[in-house]
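The structure file final.pdb is reproduced below (PDB, C-alpha atoms).
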ATOM      1  CA  MET V   1      16.652 -19.309  37.976
ATOM      2  CA  LEU V   2      15.436 -20.111  34.484
ATOM      3  CA  SER V   3      17.859 -18.607  31.996
ATOM      4  CA  LEU V   4      17.850 -17.748  28.329
ATOM      5  CA  SER V   5      20.503 -19.265  26.141
ATOM      6  CA  GLY V   6      22.348 -16.056  25.351
ATOM      7  CA  CYS V   7      21.505 -12.472  24.591
ATOM      8  CA  GLY V   8      18.884 -11.897  21.929
ATOM      9  CA  ALA V   9      17.305 -15.335  22.337
ATOM     10  CA  ALA V  10      13.854 -13.822  21.982
ATOM     11  CA  LYS V  11      12.619 -12.285  18.746
ATOM     12  CA  VAL V  12       9.467 -10.558  17.553
ATOM     13  CA  ASN V  13       9.142 -10.494  13.763
ATOM     14  CA  THR V  14       6.316  -8.498  12.179
ATOM     15  CA  GLN V  15       5.374  -8.910   8.500
ATOM     16  CA  LEU V  16       3.017  -6.228   7.131
ATOM     17  CA  SER V  17       0.869  -6.426   4.000
ATOM     18  CA  SER V  18      -0.469  -3.663   1.765
ATOM     19  CA  ASP V  19      -4.094  -4.284   2.784
ATOM     20  CA  LEU V  20      -3.157  -3.536   6.435
ATOM     21  CA  SER V  21      -3.206  -7.189   7.420
ATOM     22  CA  GLY V  22      -0.110  -9.082   8.464
ATOM     23  CA  SER V  23       1.496 -11.743  10.603
ATOM     24  CA  ARG V  24       3.825 -11.944  13.567
ATOM     25  CA  SER V  25       6.144 -14.635  14.837
ATOM     26  CA  PHE V  26       7.462 -14.766  18.386
ATOM     27  CA  GLU V  27      10.516 -16.886  19.032
ATOM     28  CA  MET V  28      12.169 -17.686  22.326
ATOM     29  CA  LYS V  29      14.864 -20.158  23.214
ATOM     30  CA  LEU V  30      15.068 -21.687  26.696
ATOM     31  CA  ASP V  31      17.611 -24.015  28.259
ATOM     32  CA  PRO V  32      15.834 -27.409  28.635
ATOM     33  CA  VAL V  33      18.255 -28.586  31.352
ATOM     34  CA  VAL V  34      17.808 -25.472  33.507
ATOM     35  CA  LEU V  35      14.066 -25.545  32.967
ATOM     36  CA  GLU V  36      13.722 -29.107  34.221
ATOM     37  CA  ASN V  37      16.361 -29.069  36.974
ATOM     38  CA  THR V  38      15.268 -25.774  38.500
ATOM     39  CA  TYR V  39      11.504 -25.968  38.075
ATOM     40  CA  GLY V  40      10.835 -29.614  37.358
ATOM     41  CA  LEU V  41       9.189 -28.499  34.123
ATOM     42  CA  THR V  42       9.905 -30.392  30.915
ATOM     43  CA  MET V  43       9.831 -28.839  27.472
ATOM     44  CA  ALA V  44       6.819 -30.976  26.593
ATOM     45  CA  GLU V  45       4.926 -29.687  29.652
ATOM     46  CA  LEU V  46       5.811 -26.089  28.784
ATOM     47  CA  LEU V  47       4.641 -26.613  25.213
ATOM     48  CA  ASP V  48       1.356 -28.050  26.428
ATOM     49  CA  THR V  49       0.885 -25.102  28.803
ATOM     50  CA  LEU V  50       1.473 -22.554  26.030
ATOM     51  CA  LYS V  51      -0.853 -24.319  23.600
ATOM     52  CA  GLN V  52      -3.651 -24.287  26.188
ATOM     53  CA  SER V  53      -3.092 -20.630  27.097
ATOM     54  CA  ALA V  54      -2.263 -19.046  23.739
ATOM     55  CA  PRO V  55      -4.497 -16.186  22.538
ATOM     56  CA  THR V  56      -7.188 -17.200  20.074
ATOM     57  CA  GLY V  57      -5.769 -18.002  16.658
ATOM     58  CA  MET V  58      -2.140 -18.231  17.740
ATOM     59  CA  LYS V  59      -0.210 -21.321  16.698
ATOM     60  CA  VAL V  60       2.491 -22.681  19.002
ATOM     61  CA  LYS V  61       5.228 -25.110  18.031
ATOM     62  CA  ALA V  62       8.547 -26.100  19.543
ATOM     63  CA  ASN V  63      11.759 -27.989  19.083
ATOM     64  CA  LEU V  64      11.852 -29.922  22.357
ATOM     65  CA  VAL V  65      15.512 -30.819  21.942
ATOM     66  CA  ASP V  66      17.072 -27.370  21.665
ATOM     67  CA  GLY V  67      14.354 -25.485  23.544
ATOM     68  CA  THR V  68      13.160 -23.255  20.693
ATOM     69  CA  PHE V  69       9.539 -22.090  20.816
ATOM     70  CA  VAL V  70       7.850 -20.326  17.916
ATOM     71  CA  MET V  71       4.420 -18.714  18.226
ATOM     72  CA  GLU V  72       2.678 -17.411  15.092
ATOM     73  CA  ASP V  73      -0.188 -14.935  14.889
ATOM     74  CA  VAL V  74      -2.092 -13.637  11.847
ATOM     75  CA  PHE V  75      -4.133 -10.437  11.971
ATOM     76  CA  ASN V  76      -6.674  -8.933   9.585
ATOM     77  CA  PRO V  77      -6.951  -5.203   8.785
ATOM     78  CA  GLY V  78      -7.817  -3.307  11.959
ATOM     79  CA  GLU V  79      -6.869  -6.151  14.325
ATOM     80  CA  LEU V  80      -3.223  -5.323  15.081
ATOM     81  CA  LYS V  81      -3.970  -3.280  18.212
ATOM     82  CA  SER V  82      -6.361  -5.821  19.741
ATOM     83  CA  HIS V  83      -3.995  -8.719  19.028
ATOM     84  CA  THR V  84      -1.140  -6.812  20.643
ATOM     85  CA  GLN V  85      -3.202  -6.125  23.760
ATOM     86  CA  ALA V  86      -4.112  -9.815  24.015
ATOM     87  CA  LEU V  87      -0.416 -10.693  24.129
ATOM     88  CA  THR V  88       0.812  -7.983  26.482
ATOM     89  CA  GLY V  89      -2.220  -7.527  28.725
ATOM     90  CA  GLU V  90      -1.647  -3.763  28.370
ATOM     91  CA  THR V  91      -3.020  -0.876  26.362
ATOM     92  CA  ALA V  92      -1.210  -1.060  23.032
ATOM     93  CA  ASP V  93       0.544   2.002  21.623
ATOM     94  CA  ILE V  94       0.795   0.654  18.102
ATOM     95  CA  ASP V  95      -0.512   1.730  14.711
ATOM     96  CA  PHE V  96      -0.333   0.559  11.109
ATOM     97  CA  SER V  97      -2.009   2.780   8.522
ATOM     98  CA  LYS V  98      -1.713   4.044   4.967
ATOM     99  CA  THR V  99      -2.340   7.293   3.116
ATOM    100  CA  GLY V 100      -2.462   8.395  -0.503
ATOM    101  CA  PRO V 101      -4.167   7.188  -3.691
ATOM    102  CA  PRO V 102      -4.205   3.441  -4.458
ATOM    103  CA  PHE V 103      -1.441   3.753  -7.077
ATOM    104  CA  SER V 104       0.942   5.540  -4.718
ATOM    105  CA  THR V 105       0.493   4.508  -1.115
ATOM    106  CA  THR V 106       2.575   5.515   1.900
ATOM    107  CA  PHE V 107       2.496   3.026   4.768
ATOM    108  CA  HIS V 108       3.059   4.131   8.364
ATOM    109  CA  PHE V 109       4.013   1.807  11.235
ATOM    110  CA  VAL V 110       4.854   2.656  14.824
ATOM    111  CA  ASP V 111       5.117   0.301  17.814
ATOM    112  CA  LYS V 112       6.125   1.595  21.240
ATOM    113  CA  THR V 113       5.632  -1.768  22.922
ATOM    114  CA  PRO V 114       8.850  -3.135  24.495
ATOM    115  CA  ALA V 115       9.642  -6.347  22.641
ATOM    116  CA  GLU V 116       9.808  -8.415  25.838
ATOM    117  CA  ASN V 117       6.242  -7.430  26.732
ATOM    118  CA  TYR V 118       4.946  -9.525  23.847
ATOM    119  CA  PHE V 119       5.767 -12.542  25.994
ATOM    120  CA  ASN V 120       3.745 -11.379  29.023
ATOM    121  CA  TRP V 121       1.085 -13.951  28.241
ATOM    122  CA  VAL V 122       3.735 -16.691  28.580
ATOM    123  CA  TRP V 123       4.602 -15.701  32.166
ATOM    124  CA  ASP V 124       0.908 -15.303  33.007
ATOM    125  CA  ALA V 125       0.202 -18.791  31.684
ATOM    126  CA  LEU V 126       2.971 -20.334  33.796
ATOM    127  CA  THR V 127       1.715 -18.746  37.029
ATOM    128  CA  LYS V 128      -1.995 -19.295  36.400
ATOM    129  CA  ARG V 129      -1.410 -22.964  35.678
ATOM    130  CA  GLY V 130       0.831 -23.372  38.736
ATOM    131  CA  LYS V 131       4.059 -24.005  36.873
ATOM    132  CA  MET V 132       5.882 -21.248  38.829
ATOM    133  CA  ASN V 133       5.040 -18.560  41.357
ATOM    134  CA  GLU V 134       4.765 -14.835  40.595
ATOM    135  CA  GLU V 135       8.215 -14.063  42.012
ATOM    136  CA  GLN V 136       9.828 -16.629  39.740
ATOM    137  CA  ALA V 137       7.911 -15.313  36.731
ATOM    138  CA  LYS V 138       8.916 -11.725  37.524
ATOM    139  CA  SER V 139      12.554 -12.735  37.856
ATOM    140  CA  LEU V 140      12.401 -14.614  34.571
ATOM    141  CA  LYS V 141      10.890 -11.653  32.737
ATOM    142  CA  GLY V 142      13.583  -9.360  34.144
ATOM    143  CA  ASN V 143      16.288 -11.498  32.564
ATOM    144  CA  PHE V 144      14.396 -11.930  29.331
ATOM    145  CA  LEU V 145      16.056 -10.077  26.439
ATOM    146  CA  ALA V 146      14.094  -9.555  23.237
ATOM    147  CA  LYS V 147      14.493  -7.788  19.919
ATOM    148  CA  ALA V 148      11.895  -6.747  17.353
ATOM    149  CA  SER V 149      11.994  -6.390  13.590
ATOM    150  CA  VAL V 150       9.412  -5.305  11.021
ATOM    151  CA  THR V 151       9.094  -5.973   7.301
ATOM    152  CA  MET V 152       7.047  -3.337   5.464
ATOM    153  CA  PRO V 153       4.711  -4.112   2.516
ATOM    154  CA  ASP V 154       7.428  -3.204  -0.003
ATOM    155  CA  GLY V 155       9.855  -5.697   1.531
ATOM    156  CA  LYS V 156      11.860  -3.102   3.449
ATOM    157  CA  LYS V 157      13.055  -4.653   6.728
ATOM    158  CA  LEU V 158      14.235  -2.930   9.884
ATOM    159  CA  ASP V 159      15.916  -5.154  12.445
ATOM    160  CA  GLU V 160      15.413  -2.629  15.234
ATOM    161  CA  TYR V 161      12.811   0.106  14.887
ATOM    162  CA  LYS V 162      12.402   0.955  18.594
ATOM    163  CA  ASN V 163       9.813   3.744  19.049
ATOM    164  CA  ASN V 164      10.378   5.463  15.720
ATOM    165  CA  MET V 165       7.766   5.779  12.999
ATOM    166  CA  VAL V 166       8.617   3.574  10.034
ATOM    167  CA  GLU V 167       7.371   4.775   6.656
ATOM    168  CA  THR V 168       7.622   3.360   3.182
ATOM    169  CA  ARG V 169       5.968   4.159  -0.130
ATOM    170  CA  ILE V 170       4.867   1.922  -2.970
ATOM    171  CA  ASP V 171       4.438   3.432  -6.438
ATOM    172  CA  LEU V 172       2.686   0.884  -8.613
ATOM    173  CA  PRO V 173       3.691   0.703 -12.287
ATOM    174  CA  VAL V 174       0.808   2.148 -14.300
ATOM    175  CA  ASN V 175       0.330   2.298 -18.080
ATOM    176  CA  GLN V 176      -2.013   5.072 -19.180
ATOM    177  CA  GLU V 177      -3.382   5.320 -22.717
ATOM    178  CA  MET V 178      -5.506   8.383 -23.385
ATOM    179  CA  THR V 179      -7.204   9.530 -26.576
ATOM    180  CA  ILE V 180      -8.902  12.929 -26.725
ATOM    181  CA  ASN V 181     -11.425  13.032 -29.561
ATOM    182  CA  TRP V 182     -12.317  16.669 -30.264
ATOM    183  CA  ASN V 183     -14.979  17.900 -32.696
ATOM    184  CA  VAL V 184     -13.900  21.321 -33.906
ATOM    185  CA  LEU V 185     -17.329  22.403 -35.084
ATOM    186  CA  MET V 186     -19.264  21.165 -32.036
ATOM    187  CA  ASN V 187     -16.639  22.219 -29.476
ATOM    188  CA  SER V 188     -17.090  18.886 -27.744
ATOM    189  CA  GLY V 189     -15.841  15.335 -27.793
ATOM    190  CA  THR V 190     -14.814  12.366 -25.671
ATOM    191  CA  VAL V 191     -11.874  11.137 -23.677
ATOM    192  CA  ASP V 192     -11.138   7.438 -24.051
ATOM    193  CA  LEU V 193      -8.975   6.310 -21.161
ATOM    194  CA  ALA V 194      -7.328   2.990 -20.345
ATOM    195  CA  ILE V 195      -5.413   2.400 -17.118
ATOM    196  CA  GLN V 196      -3.386  -0.775 -16.748
ATOM    197  CA  VAL V 197      -1.997  -1.453 -13.291
ATOM    198  CA  VAL V 198       0.754  -3.954 -12.585
ATOM    199  CA  THR V 199       0.564  -5.473  -9.122
ATOM    200  CA  GLU V 200       3.555  -6.046  -6.892
ATOM    201  CA  GLY V 201       3.157  -8.336  -3.918
ATOM    202  CA  GLY V 202      -0.612  -7.944  -3.838
ATOM    203  CA  ALA V 203      -0.349  -4.185  -3.391
ATOM    204  CA  LEU V 204      -3.436  -3.479  -5.510
ATOM    205  CA  ASP V 205      -6.810  -3.199  -3.788
ATOM    206  CA  GLY V 206      -9.455  -3.543  -6.509
ATOM    207  CA  LYS V 207     -12.205  -1.898  -4.495
ATOM    208  CA  GLU V 208     -10.040   1.093  -3.637
ATOM    209  CA  VAL V 209      -8.989   1.500  -7.271
ATOM    210  CA  SER V 210     -12.572   1.377  -8.551
ATOM    211  CA  LYS V 211     -13.691   3.920  -5.974
ATOM    212  CA  PHE V 212     -10.755   6.226  -6.759
ATOM    213  CA  LEU V 213     -11.343   6.108 -10.532
ATOM    214  CA  THR V 214     -15.083   6.641 -10.225
ATOM    215  CA  GLU V 215     -14.688   9.624  -7.907
ATOM    216  CA  SER V 216     -11.882  11.161  -9.983
ATOM    217  CA  TRP V 217     -13.690  11.031 -13.311
ATOM    218  CA  ASN V 218     -17.363  10.770 -12.287
ATOM    219  CA  SER V 219     -17.772   7.950 -14.780
ATOM    220  CA  ASN V 220     -18.331   4.220 -14.929
ATOM    221  CA  TRP V 221     -15.292   2.006 -15.448
ATOM    222  CA  LYS V 222     -14.968  -1.493 -16.852
ATOM    223  CA  GLU V 223     -12.510  -3.756 -15.059
ATOM    224  CA  GLU V 224     -10.583  -6.597 -16.679
ATOM    225  CA  ASN V 225      -8.286  -8.872 -14.714
ATOM    226  CA  LEU V 226      -5.023  -9.642 -16.496
ATOM    227  CA  ASP V 227      -3.471 -13.087 -16.659
ATOM    228  CA  SER V 228      -0.066 -11.557 -15.959
ATOM    229  CA  GLY V 229      -1.361  -9.974 -12.754
ATOM    230  CA  GLY V 230      -3.002  -6.637 -12.129
ATOM    231  CA  ALA V 231      -5.995  -5.217 -13.935
ATOM    232  CA  LYS V 232      -7.045  -2.951 -16.789
ATOM    233  CA  TYR V 233      -9.676  -0.249 -16.348
ATOM    234  CA  THR V 234     -11.355   1.582 -19.248
ATOM    235  CA  THR V 235     -13.888   4.391 -19.556
ATOM    236  CA  GLU V 236     -15.263   6.982 -21.991
ATOM    237  CA  VAL V 237     -16.025  10.485 -20.773
ATOM    238  CA  LYS V 238     -17.994  13.064 -22.736
ATOM    239  CA  ILE V 239     -16.434  16.533 -22.728
ATOM    240  CA  ASN V 240     -17.133  20.002 -24.046
ATOM    241  CA  GLY V 241     -15.420  23.349 -23.922
ATOM    242  CA  ASN V 242     -16.707  24.022 -20.420
ATOM    243  CA  SER V 243     -16.148  20.598 -18.899
ATOM    244  CA  LEU V 244     -12.651  20.100 -20.254
ATOM    245  CA  LYS V 245     -11.054  22.136 -17.495
ATOM    246  CA  SER V 246     -12.666  19.994 -14.808
ATOM    247  CA  LEU V 247     -11.094  16.736 -15.968
ATOM    248  CA  PRO V 248      -8.503  15.246 -13.591
ATOM    249  CA  MET V 249      -5.845  15.186 -16.296
ATOM    250  CA  ILE V 250      -6.043  18.981 -16.367
ATOM    251  CA  ALA V 251      -7.371  19.972 -12.956
ATOM    252  CA  LYS V 252      -4.761  17.956 -11.050
ATOM    253  CA  PRO V 253      -2.268  19.263 -10.239
ATOM    254  CA  LEU V 254      -1.927  22.298 -12.525
ATOM    255  CA  GLU V 255      -5.534  23.411 -12.068
ATOM    256  CA  LYS V 256      -5.569  25.421 -15.255
ATOM    257  CA  ALA V 257      -5.908  24.906 -18.964
ATOM    258  CA  ILE V 258      -6.107  27.013 -22.067
ATOM    259  CA  VAL V 259      -8.647  25.764 -24.571
ATOM    260  CA  ASP V 260      -8.637  28.269 -27.407
ATOM    261  CA  TRP V 261      -9.730  27.761 -30.989
ATOM    262  CA  THR V 262      -8.761  30.813 -33.044
ATOM    263  CA  HIS V 263      -9.898  31.482 -36.619
ATOM    264  CA  VAL V 264      -6.989  33.400 -38.069
ATOM    265  CA  GLU V 265      -7.960  33.550 -41.742
ATOM    266  CA  SER V 266     -11.383  33.357 -43.378
ATOM    267  CA  HIS V 267     -14.598  31.811 -42.080
ATOM    268  CA  GLN V 268     -14.691  29.286 -44.866
ATOM    269  CA  TRP V 269     -14.073  25.813 -43.487
ATOM    270  CA  ASN V 270     -11.450  24.873 -46.044
ATOM    271  CA  LYS V 271      -9.408  27.979 -45.238
ATOM    272  CA  GLN V 272      -9.577  28.050 -41.515
ATOM    273  CA  SER V 273      -6.600  27.680 -39.238
ATOM    274  CA  TYR V 274      -7.065  26.540 -35.654
ATOM    275  CA  HIS V 275      -4.847  26.950 -32.678
ATOM    276  CA  LEU V 276      -5.253  24.730 -29.629
ATOM    277  CA  GLY V 277      -3.290  25.404 -26.486
ATOM    278  CA  LEU V 278      -3.404  22.969 -23.568
ATOM    279  CA  GLU V 279      -1.409  23.110 -20.384
ATOM    280  CA  ILE V 280      -1.906  19.678 -18.892
ATOM    281  CA  GLU V 281      -0.234  16.935 -16.921
ATOM    282  CA  PRO V 282      -2.162  13.925 -18.177
ATOM    283  CA  THR V 283      -0.793  11.519 -15.550
ATOM    284  CA  GLY V 284      -0.581  13.793 -12.516
ATOM    285  CA  TRP V 285      -3.967  12.712 -11.203
ATOM    286  CA  LEU V 286      -2.711   9.125 -10.737
ATOM    287  CA  GLY V 287      -0.379  10.161  -7.926
ATOM    288  CA  THR V 288       2.341   7.684  -8.839
ATOM    289  CA  SER V 289       5.671   8.577 -10.424
ATOM    290  CA  ASN V 290       5.982   5.148 -12.027
ATOM    291  CA  VAL V 291       3.971   5.887 -15.170
ATOM    292  CA  ASN V 292       4.281   4.937 -18.809
ATOM    293  CA  ALA V 293       1.917   7.266 -20.661
ATOM    294  CA  GLN V 294       0.757   7.752 -24.209
ATOM    295  CA  THR V 295      -1.633  10.559 -25.084
ATOM    296  CA  GLU V 296      -3.218  11.165 -28.460
ATOM    297  CA  ILE V 297      -5.391  14.028 -29.678
ATOM    298  CA  LYS V 298      -7.699  13.508 -32.667
ATOM    299  CA  PHE V 299      -9.475  16.424 -34.314
ATOM    300  CA  TYR V 300     -12.724  16.159 -36.270
ATOM    301  CA  PRO V 301     -13.967  16.813 -38.902
ATOM    302  CA  LEU V 302     -10.448  17.612 -40.048
ATOM    303  CA  ALA V 303      -9.840  14.527 -42.118
ATOM    304  CA  ASP V 304      -6.800  12.401 -41.346
ATOM    305  CA  VAL V 305      -5.400  14.780 -38.739
ATOM    306  CA  VAL V 306      -3.995  12.939 -35.740
ATOM    307  CA  LEU V 307      -1.493  14.489 -33.349
ATOM    308  CA  PRO V 308       0.426  11.954 -31.256
ATOM    309  CA  THR V 309       1.540  13.665 -28.069
ATOM    310  CA  SER V 310       3.339  10.874 -26.261
ATOM    311  CA  ASN V 311       5.940  13.489 -25.377
ATOM    312  CA  LEU V 312       3.511  14.659 -22.703
ATOM    313  CA  GLY V 313       4.691  11.755 -20.587
ATOM    314  CA  GLN V 314       4.405  12.552 -16.919
ATOM    315  CA  SER V 315       4.364  16.323 -17.215
ATOM    316  CA  ALA V 316       3.830  18.984 -19.825
ATOM    317  CA  PRO V 317       6.358  21.733 -20.569
ATOM    318  CA  ASN V 318       6.034  24.829 -18.429
ATOM    319  CA  ASP V 319       4.643  26.848 -21.315
ATOM    320  CA  GLY V 320       2.005  24.249 -22.142
ATOM    321  CA  LEU V 321       1.361  22.686 -25.520
ATOM    322  CA  SER V 322       0.007  24.276 -28.653
ATOM    323  CA  PHE V 323      -0.753  23.047 -32.163
ATOM    324  CA  SER V 324      -1.608  24.864 -35.357
ATOM    325  CA  LEU V 325      -3.845  23.145 -37.884
ATOM    326  CA  ASP V 326      -4.726  24.217 -41.351
ATOM    327  CA  SER V 327      -7.554  22.389 -43.070
ATOM    328  CA  ARG V 328      -6.668  23.631 -46.526
TER
END

As a first step, turn the structure in this file into structure tokens.
Amino acid sequence: MLSLSGCGAAKVNTQLSSDLSGSRSFEMKLDPVVLENTYGLTMAELLDTLKQSAPTGMKVKANLVDGTFVMEDVFNPGELKSHTQALTGETADIDFSKTGPPFSTTFHFVDKTPAENYFNWVWDALTKRGKMNEEQAKSLKGNFLAKASVTMPDGKKLDEYKNNMVETRIDLPVNQEMTINWNVLMNSGTVDLAIQVVTEGGALDGKEVSKFLTESWNSNWKEENLDSGGAKYTTEVKINGNSLKSLPMIAKPLEKAIVDWTHVESHQWNKQSYHLGLEIEPTGWLGTSNVNAQTEIKFYPLADVVLPTSNLGQSAPNDGLSFSLDSR
């Protein structure tokens, strides 16, 4: 009987990427002496058989001295299931997906395929090419011990995941700079917004980010790739008293805002006092907890009045924010 050189001689290693692509390596170690003496099959002949029978795109290499074979497979987004079925010859119960906004993505991976089944194509190749009969192949598979490991997009590795769902989350570092320009007399203004995203291990999908920003703000964004990695996105959004509540910085997740200008003294411009109350979470719409935020509110035509509100940070106080201005 062909034997493995010890328990755990076969390994399936899966490496997953943030764009739902990935790679897999399949390693098995056989005893060259047993292989040749029992079946009259040399390591070189076995290597040639596997190269001729390997699924499309798979690379096969071997150390003919110690009997180590390594097969490598690369899959694009959406190809994991079909590649698995090509190896096992069975319906694959496997899934790799992601949920959440592009700045805070949760990756889900589950594989209920027994690790040894990934080598089914090896036994099929040996029988189809007349290197052994079906009984010998079945006996070999029954003594074939294999283990599987997976490395998630954030680098988290599980040596044995069995049938359990593996989940991991990546929160990308995001710098948000926001300036609210508000015209007191016109009850309107603009929001100037800059989002700088730092990539980690290629976790940023530019198309997904552009789509997310456009849908969130209903505006056009300019994209600038950074030499240090990542990208910077900028936009200007026109706002008025009615539209302010619909902005993502306010509508998500608190879904309420108080925009109230109150004239508490006379109606003469130089003796008016204004009160603005906002209950906002200016970074909540991003979805990620890894945020460095700076928010500034500028009021016009009140000359030289600028209120830095970097204390907003990731969340506003429970009672909101309010400012009193006196133009006198």

Nearest to Val198 of chain V by atom-to-atom distance, counting only C-alpha atoms, from V:Leu50, V:Ala231, V:Leu140, V:Leu126: V:Ala231

Chain and number of each residue from the PyMOL selection byres ((chain V and resi 171) around 9), as a PyMOL selection string: chain V and resi 102-106+169-170+172-174+287-290

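Picked by the PyMOL selection byres ((chain V and resi 216) around 10) from the coordinates shown: Ser210, Lys211, Phe212, Leu213, Thr214, Glu215, Trp217, Asn218, Ser219, Leu247, Pro248, Met249, Lys252, Trp285 and Leu286 of chain V.
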
What does the structure give for the distance between atom CA of Leu80 of chain V and atom CA of Pro153 of chain V, in Å to one decimal?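 The value is 14.9 Å.
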
What is the distance between atom CA of Asn13 of chain V and atom CA of Leu41 of chain V, in Å to one decimal?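 Here the two named atoms are 27.2 Å from each other.
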
Kindly give the distance, in Å, that separates atom CA of Glu45 of chain V and atom CA of Ser25 of chain V, rounded to a single decimal. 21.2 Å

As a check of understanding, name the residues that the PyMOL selection byres ((chain V and resi 230) around 7) selects in the supplied structure, as a list in words. Val197, Val198, Thr199, Asn225, Leu226, Ser228, Gly229 and Ala231 of chain V

Quick one: residues within 8 Å of Thr151 of chain V, all atoms listed in the file, excluding same-chain residues fewer than 6 positions away - as a count of residues only? 6

For Val191 of chain V, which residue among V:Lys61, V:Lys238, V:Lys156, V:Lys98 is the nearest when counting only C-alpha atoms?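 Residue with the minimum atom-to-atom distance to Val191 of chain V: V:Lys238.
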
Top pick for closest residue to Lys128 of chain V, considering V:Met152, V:Ser53, V:Met71, V:Ala92 and counting only C-alpha atoms: V:Ser53

Centre and edge lengths, as AutoDock Vina command-line options, for the axis-aligned box enclosing every listed atom of segment 213-218 of chain V with 3 Å of padding on each of the six sides, in Å to one decimal?
--center_x -14.4 --center_y 8.6 --center_z -10.6 --size_x 12.0 --size_y 11.1 --size_z 11.4

Quick one: of V:Val184, V:Ala125, V:Ala148, V:Val12, who's nearest to Arg24 of chain V, counting only C-alpha atoms?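 Using only C-alpha atoms, the shortest distance to Arg24 of chain V belongs to V:Val12.
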
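Considering only C-alpha atoms, the residue among V:Trp221, V:Leu20, V:Lys112, V:Val291 positioned nearest to Glu90 of chain V is V:Lys112.
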
Just the residues within 9 Å of Lys51 of chain V, please, counting all atoms listed in the file, with nothing from its chain fewer than 5 positions along; format it as a list of chain:residue names.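 Once the nearby chain positions are removed, what remains is V:Leu46, V:Met58, V:Lys59, V:Val60, V:Lys61.
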
Tyr300 of chain V: which residues within 8 Å, counting only C-alpha atoms, same-chain residues fewer than 4 positions away excluded, as a ChimeraX atom specification? /V:181-185,305

Between V:Val70, V:Val33, V:Ala115, V:Leu193, single out the one closest to Thr84 of chain V, counting only C-alpha atoms. V:Ala115
